[in-house]
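Down below is the structure, laid out as structure tokens.
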Amino acid sequence: MFIRAAEENDASSIAAVQVAAWRKAYAGMLPQSFLDGMSAEKRAPMWRRSLSVVGAGVTDVVMDEAGELVGFCVYGPSRDADAVPGTGELVAINLLPRAWRSGFGRAMCLRILAHARQEEWHAVTLWVLDANVQAQAFYASLGFGPDGAEKQDLKLTGAALRLLRYRRVTGD
């Protein structure tokens, strides 16, 4: 396993990982029409633009033993209006379903937490779909827990999605 900073030429692979991960992870939680409408070809230009913007947060990719890109994560300073200075945010973490439960996600999260300590962030937050108990259990295994904040997202799929904020203090 090898984790490195993402490069613009990773955009297509990142998009393919995102589509595969979302279709598996969110089946039955997001509208099927939304999941069916996702494609790596449509998402790759967005990733190319995002990876070309300096200061847009950090995107890392994880490679398997064969050198194939099997996952990515995005993180940076918290985007939440109520965040106090020194709060980081795990924006996204996605893996190819075949790479789930293989240590890749844990390794990426530990890298994010190391970055948080280096940046002197006192905490890291993330938003998780309330119905995604698998993700909630994964984050709990890494010391994250709900902090009581919730929000509704109406833009992503057109359906109301309830999100829960999880938090972890970085010093532990």
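To be explicit about the labels: the chains of the structure tokens are called A, B, and onward in the order shown, and within each one the residues are counted from 1, while ligands get numbers from 1 in the order they are shown.
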
**OP:** Write out as a VMD selection string which residues come within 12 Å of Leu96 (chain A) when counting only C-alpha atoms, dropping same-chain ones fewer than 4 positions away.
**Re:** chain A and resid 13 to 25 61 to 64 68 to 72 100 to 102 104 to 105

**OP:** Mind checking which residues fall within 7 Å of region 111-118 of chain A, counting only C-alpha atoms, ignoring those fewer than 4 positions away in the same chain, and posting them as a PyMOL selection string?
**Re:** chain A and resi 88+107+170

Every residue of region 32-89 of chain A that DSSP places in helix (DSSP H, G or I), as a PDB file with N, CA, C and O atoms, in the first residue's frame:
```pdb
ATOM      1  N   GLN A  32     -31.938   5.643  -6.650  1.00  0.00           N
ATOM      2  CA  GLN A  32     -31.257   4.786  -7.611  1.00  0.00           C
ATOM      3  C   GLN A  32     -31.009   5.513  -8.926  1.00  0.00           C
ATOM      4  O   GLN A  32     -29.986   5.313  -9.574  1.00  0.00           O
ATOM      5  N   SER A  33     -31.921   6.396  -9.302  1.00  0.00           N
ATOM      6  CA  SER A  33     -31.746   7.141 -10.554  1.00  0.00           C
ATOM      7  C   SER A  33     -30.506   8.033 -10.490  1.00  0.00           C
ATOM      8  O   SER A  33     -29.804   8.205 -11.492  1.00  0.00           O
ATOM      9  N   PHE A  34     -30.233   8.592  -9.317  1.00  0.00           N
ATOM     10  CA  PHE A  34     -29.021   9.403  -9.137  1.00  0.00           C
ATOM     11  C   PHE A  34     -27.780   8.523  -9.290  1.00  0.00           C
ATOM     12  O   PHE A  34     -26.835   8.872 -10.016  1.00  0.00           O
ATOM     13  N   LEU A  35     -27.764   7.387  -8.603  1.00  0.00           N
ATOM     14  CA  LEU A  35     -26.609   6.485  -8.673  1.00  0.00           C
ATOM     15  C   LEU A  35     -26.400   5.964 -10.095  1.00  0.00           C
ATOM     16  O   LEU A  35     -25.265   5.905 -10.574  1.00  0.00           O
ATOM     17  N   ASP A  36     -27.502   5.599 -10.773  1.00  0.00           N
ATOM     18  CA  ASP A  36     -27.393   5.103 -12.142  1.00  0.00           C
ATOM     19  C   ASP A  36     -26.875   6.187 -13.092  1.00  0.00           C
ATOM     20  O   ASP A  36     -26.214   5.875 -14.084  1.00  0.00           O
ATOM     21  N   GLY A  37     -27.178   7.440 -12.795  1.00  0.00           N
ATOM     22  CA  GLY A  37     -26.762   8.553 -13.654  1.00  0.00           C
ATOM     23  C   GLY A  37     -25.324   8.985 -13.461  1.00  0.00           C
ATOM     24  O   GLY A  37     -24.787   9.760 -14.255  1.00  0.00           O
ATOM     25  N   ALA A  40     -17.996   7.946 -14.463  1.00  0.00           N
ATOM     26  CA  ALA A  40     -16.627   8.437 -14.322  1.00  0.00           C
ATOM     27  C   ALA A  40     -16.320   9.478 -15.387  1.00  0.00           C
ATOM     28  O   ALA A  40     -15.616  10.459 -15.117  1.00  0.00           O
ATOM     29  N   GLU A  41     -16.873   9.299 -16.576  1.00  0.00           N
ATOM     30  CA  GLU A  41     -16.621  10.243 -17.662  1.00  0.00           C
ATOM     31  C   GLU A  41     -17.168  11.629 -17.322  1.00  0.00           C
ATOM     32  O   GLU A  41     -16.564  12.639 -17.666  1.00  0.00           O
ATOM     33  N   LYS A  42     -18.325  11.691 -16.666  1.00  0.00           N
ATOM     34  CA  LYS A  42     -18.914  12.970 -16.276  1.00  0.00           C
ATOM     35  C   LYS A  42     -18.172  13.603 -15.092  1.00  0.00           C
ATOM     36  O   LYS A  42     -18.083  14.815 -14.993  1.00  0.00           O
ATOM     37  N   ARG A  43     -17.669  12.766 -14.179  1.00  0.00           N
ATOM     38  CA  ARG A  43     -17.033  13.277 -12.963  1.00  0.00           C
ATOM     39  C   ARG A  43     -15.561  13.647 -13.169  1.00  0.00           C
ATOM     40  O   ARG A  43     -15.035  14.488 -12.459  1.00  0.00           O
ATOM     41  N   ALA A  44     -14.885  13.027 -14.112  1.00  0.00           N
ATOM     42  CA  ALA A  44     -13.446  13.264 -14.304  1.00  0.00           C
ATOM     43  C   ALA A  44     -13.102  14.730 -14.541  1.00  0.00           C
ATOM     44  O   ALA A  44     -12.138  15.239 -13.934  1.00  0.00           O
ATOM     45  N   PRO A  45     -13.834  15.489 -15.384  1.00  0.00           N
ATOM     46  CA  PRO A  45     -13.482  16.902 -15.564  1.00  0.00           C
ATOM     47  C   PRO A  45     -13.574  17.712 -14.275  1.00  0.00           C
ATOM     48  O   PRO A  45     -12.747  18.591 -14.030  1.00  0.00           O
ATOM     49  N   MET A  46     -14.560  17.399 -13.425  1.00  0.00           N
ATOM     50  CA  MET A  46     -14.673  18.081 -12.137  1.00  0.00           C
ATOM     51  C   MET A  46     -13.443  17.794 -11.287  1.00  0.00           C
ATOM     52  O   MET A  46     -12.874  18.691 -10.668  1.00  0.00           O
ATOM     53  N   TRP A  47     -13.009  16.535 -11.273  1.00  0.00           N
ATOM     54  CA  TRP A  47     -11.825  16.182 -10.493  1.00  0.00           C
ATOM     55  C   TRP A  47     -10.570  16.843 -11.078  1.00  0.00           C
ATOM     56  O   TRP A  47      -9.711  17.302 -10.330  1.00  0.00           O
ATOM     57  N   ARG A  48     -10.479  16.913 -12.398  1.00  0.00           N
ATOM     58  CA  ARG A  48      -9.327  17.564 -13.025  1.00  0.00           C
ATOM     59  C   ARG A  48      -9.253  19.026 -12.589  1.00  0.00           C
ATOM     60  O   ARG A  48      -8.184  19.524 -12.230  1.00  0.00           O
ATOM     61  N   ARG A  49     -10.398  19.715 -12.621  1.00  0.00           N
ATOM     62  CA  ARG A  49     -10.439  21.124 -12.178  1.00  0.00           C
ATOM     63  C   ARG A  49     -10.068  21.234 -10.701  1.00  0.00           C
ATOM     64  O   ARG A  49      -9.263  22.084 -10.313  1.00  0.00           O
ATOM     65  N   SER A  50     -10.651  20.389  -9.880  1.00  0.00           N
ATOM     66  CA  SER A  50     -10.391  20.442  -8.436  1.00  0.00           C
ATOM     67  C   SER A  50      -8.912  20.212  -8.122  1.00  0.00           C
ATOM     68  O   SER A  50      -8.331  20.906  -7.289  1.00  0.00           O
ATOM     69  N   LEU A  51      -8.312  19.262  -8.796  1.00  0.00           N
ATOM     70  CA  LEU A  51      -6.900  18.943  -8.536  1.00  0.00           C
ATOM     71  C   LEU A  51      -5.950  20.013  -9.067  1.00  0.00           C
ATOM     72  O   LEU A  51      -4.801  20.068  -8.653  1.00  0.00           O
ATOM     73  N   SER A  52      -6.432  20.881  -9.944  1.00  0.00           N
ATOM     74  CA  SER A  52      -5.577  21.932 -10.497  1.00  0.00           C
ATOM     75  C   SER A  52      -5.629  23.218  -9.670  1.00  0.00           C
ATOM     76  O   SER A  52      -4.817  24.117  -9.880  1.00  0.00           O
TER      77      SER A  52
END
```

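Residues lying within 12 Å of region 119-122 of chain A, counting only C-alpha atoms and ignoring same-chain neighbours fewer than 4 positions away, are Gly76, Pro77, Ser78, Ala83, Val84, Pro85, Gly86, Thr87, Gly88, Glu89, Ile112, Leu113, Ala114, His115, Arg167, Arg168, Val169, Thr170, Gly171 and Asp172 of chain A.
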
Filtering to N, CA, C and O atoms, could you give me those residues as an mmCIF file, in the first residue's frame?
```cif
data_model
loop_
_atom_site.group_PDB
_atom_site.id
_atom_site.type_symbol
_atom_site.label_atom_id
_atom_site.label_comp_id
_atom_site.auth_asym_id
_atom_site.auth_seq_id
_atom_site.Cartn_x
_atom_site.Cartn_y
_atom_site.Cartn_z
ATOM 1 N N GLY A 76 -9.132 19.148 4.584
ATOM 2 C CA GLY A 76 -8.607 20.501 4.704
ATOM 3 C C GLY A 76 -9.236 21.183 5.896
ATOM 4 O O GLY A 76 -9.891 20.532 6.725
ATOM 5 N N PRO A 77 -9.072 22.487 6.002
ATOM 6 C CA PRO A 77 -9.726 23.216 7.087
ATOM 7 C C PRO A 77 -11.247 23.053 6.990
ATOM 8 O O PRO A 77 -11.799 22.924 5.889
ATOM 9 N N SER A 78 -11.911 23.046 8.125
ATOM 10 C CA SER A 78 -13.359 22.872 8.143
ATOM 11 C C SER A 78 -14.054 23.960 7.341
ATOM 12 O O SER A 78 -13.683 25.127 7.399
ATOM 13 N N ALA A 83 -17.502 26.333 12.755
ATOM 14 C CA ALA A 83 -16.207 25.760 13.144
ATOM 15 C C ALA A 83 -15.309 26.824 13.765
ATOM 16 O O ALA A 83 -15.203 27.933 13.256
ATOM 17 N N VAL A 84 -14.685 26.450 14.862
ATOM 18 C CA VAL A 84 -13.707 27.349 15.467
ATOM 19 C C VAL A 84 -12.390 27.182 14.722
ATOM 20 O O VAL A 84 -12.125 26.123 14.136
ATOM 21 N N PRO A 85 -11.555 28.220 14.706
ATOM 22 C CA PRO A 85 -10.252 28.083 14.044
ATOM 23 C C PRO A 85 -9.495 26.876 14.598
ATOM 24 O O PRO A 85 -9.598 26.556 15.783
ATOM 25 N N GLY A 86 -8.790 26.206 13.727
ATOM 26 C CA GLY A 86 -8.042 25.026 14.144
ATOM 27 C C GLY A 86 -8.850 23.739 14.045
ATOM 28 O O GLY A 86 -8.477 22.735 14.631
ATOM 29 N N THR A 87 -9.941 23.774 13.281
ATOM 30 C CA THR A 87 -10.735 22.570 13.048
ATOM 31 C C THR A 87 -10.531 22.132 11.602
ATOM 32 O O THR A 87 -10.677 22.931 10.679
ATOM 33 N N GLY A 88 -10.194 20.869 11.428
ATOM 34 C CA GLY A 88 -10.052 20.306 10.096
ATOM 35 C C GLY A 88 -11.299 19.538 9.720
ATOM 36 O O GLY A 88 -12.168 19.288 10.560
ATOM 37 N N GLU A 89 -11.379 19.162 8.449
ATOM 38 C CA GLU A 89 -12.536 18.408 7.979
ATOM 39 C C GLU A 89 -12.093 17.315 7.012
ATOM 40 O O GLU A 89 -11.341 17.577 6.068
ATOM 41 N N ILE A 112 -4.580 11.494 7.574
ATOM 42 C CA ILE A 112 -5.301 12.748 7.801
ATOM 43 C C ILE A 112 -5.090 13.221 9.235
ATOM 44 O O ILE A 112 -4.847 14.409 9.472
ATOM 45 N N LEU A 113 -5.172 12.317 10.188
ATOM 46 C CA LEU A 113 -4.982 12.702 11.592
ATOM 47 C C LEU A 113 -3.552 13.169 11.850
ATOM 48 O O LEU A 113 -3.327 14.107 12.629
ATOM 49 N N ALA A 114 -2.579 12.560 11.191
ATOM 50 C CA ALA A 114 -1.191 13.023 11.309
ATOM 51 C C ALA A 114 -1.055 14.427 10.729
ATOM 52 O O ALA A 114 -0.390 15.301 11.310
ATOM 53 N N HIS A 115 -1.697 14.662 9.598
ATOM 54 C CA HIS A 115 -1.701 15.999 8.990
ATOM 55 C C HIS A 115 -2.358 17.006 9.944
ATOM 56 O O HIS A 115 -1.870 18.131 10.094
ATOM 57 N N ARG A 167 -16.965 14.034 15.005
ATOM 58 C CA ARG A 167 -15.790 14.800 15.412
ATOM 59 C C ARG A 167 -14.812 13.874 16.146
ATOM 60 O O ARG A 167 -15.216 12.962 16.853
ATOM 61 N N ARG A 168 -13.556 14.213 15.986
ATOM 62 C CA ARG A 168 -12.497 13.559 16.770
ATOM 63 C C ARG A 168 -11.492 14.623 17.172
ATOM 64 O O ARG A 168 -11.026 15.406 16.341
ATOM 65 N N VAL A 169 -11.159 14.619 18.445
ATOM 66 C CA VAL A 169 -10.093 15.486 18.945
ATOM 67 C C VAL A 169 -8.787 14.871 18.487
ATOM 68 O O VAL A 169 -8.609 13.643 18.543
ATOM 69 N N THR A 170 -7.845 15.683 18.023
ATOM 70 C CA THR A 170 -6.644 15.142 17.409
ATOM 71 C C THR A 170 -5.564 14.721 18.392
ATOM 72 O O THR A 170 -4.664 13.985 18.026
ATOM 73 N N GLY A 171 -5.645 15.144 19.613
ATOM 74 C CA GLY A 171 -4.594 14.827 20.572
ATOM 75 C C GLY A 171 -4.621 13.422 21.106
ATOM 76 O O GLY A 171 -3.700 12.992 21.779
ATOM 77 N N ASP A 172 -5.681 12.645 20.800
ATOM 78 C CA ASP A 172 -5.772 11.294 21.386
ATOM 79 C C ASP A 172 -5.447 10.200 20.406
ATOM 80 O O ASP A 172 -5.160 10.406 19.280
#
```

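Between Tyr26 (chain A) and the candidates A:Ala131, A:Val91, A:Ala140, A:Ala159, the tightest atom-to-atom separation, counting only C-alpha atoms, involves A:Ala131.
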
Original post:
What separation in Å, quoted to one decimal, exists between CA of Tyr139 (chain A) and CA of Lys155 (chain A)?
Top reply: 24.5 Å

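Distances to Cys73 (chain A) were evaluated for A:Ala6, A:Leu156, A:Val128, A:Met38 using only C-alpha atoms, and the minimum falls at A:Ala6.
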
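Checking A:Thr125, A:Met108, A:Asp147, A:Leu154 one by one against Leu95 (chain A), counting only C-alpha atoms, you find the shortest gap at A:Met108.
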
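Taking CA of Ala11 (chain A) as the reference point, CA of Ala99 (chain A) is found at 18.8 Å.
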
**OP:** Compare A:Val53, A:Ala27, A:Val58, A:Leu164 by their minimum atom-to-atom distance to Asp130 (chain A), counting only C-alpha atoms, and give me the closest one.
**Re:** A:Leu164

Original post:
Using the chain letters and numbers from this document, which residues of chain A does DSSP assign to strand (DSSP E), as an NGL selection string?
Top reply: :A and (2-5 or 58-63 or 69-77 or 87-95 or 123-129 or 145-153 or 161-169)

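Nearest residue to Thr157 (chain A) among A:Gly67, A:Asn94, A:Pro31, A:Gly145 is A:Pro31, counting only C-alpha atoms.
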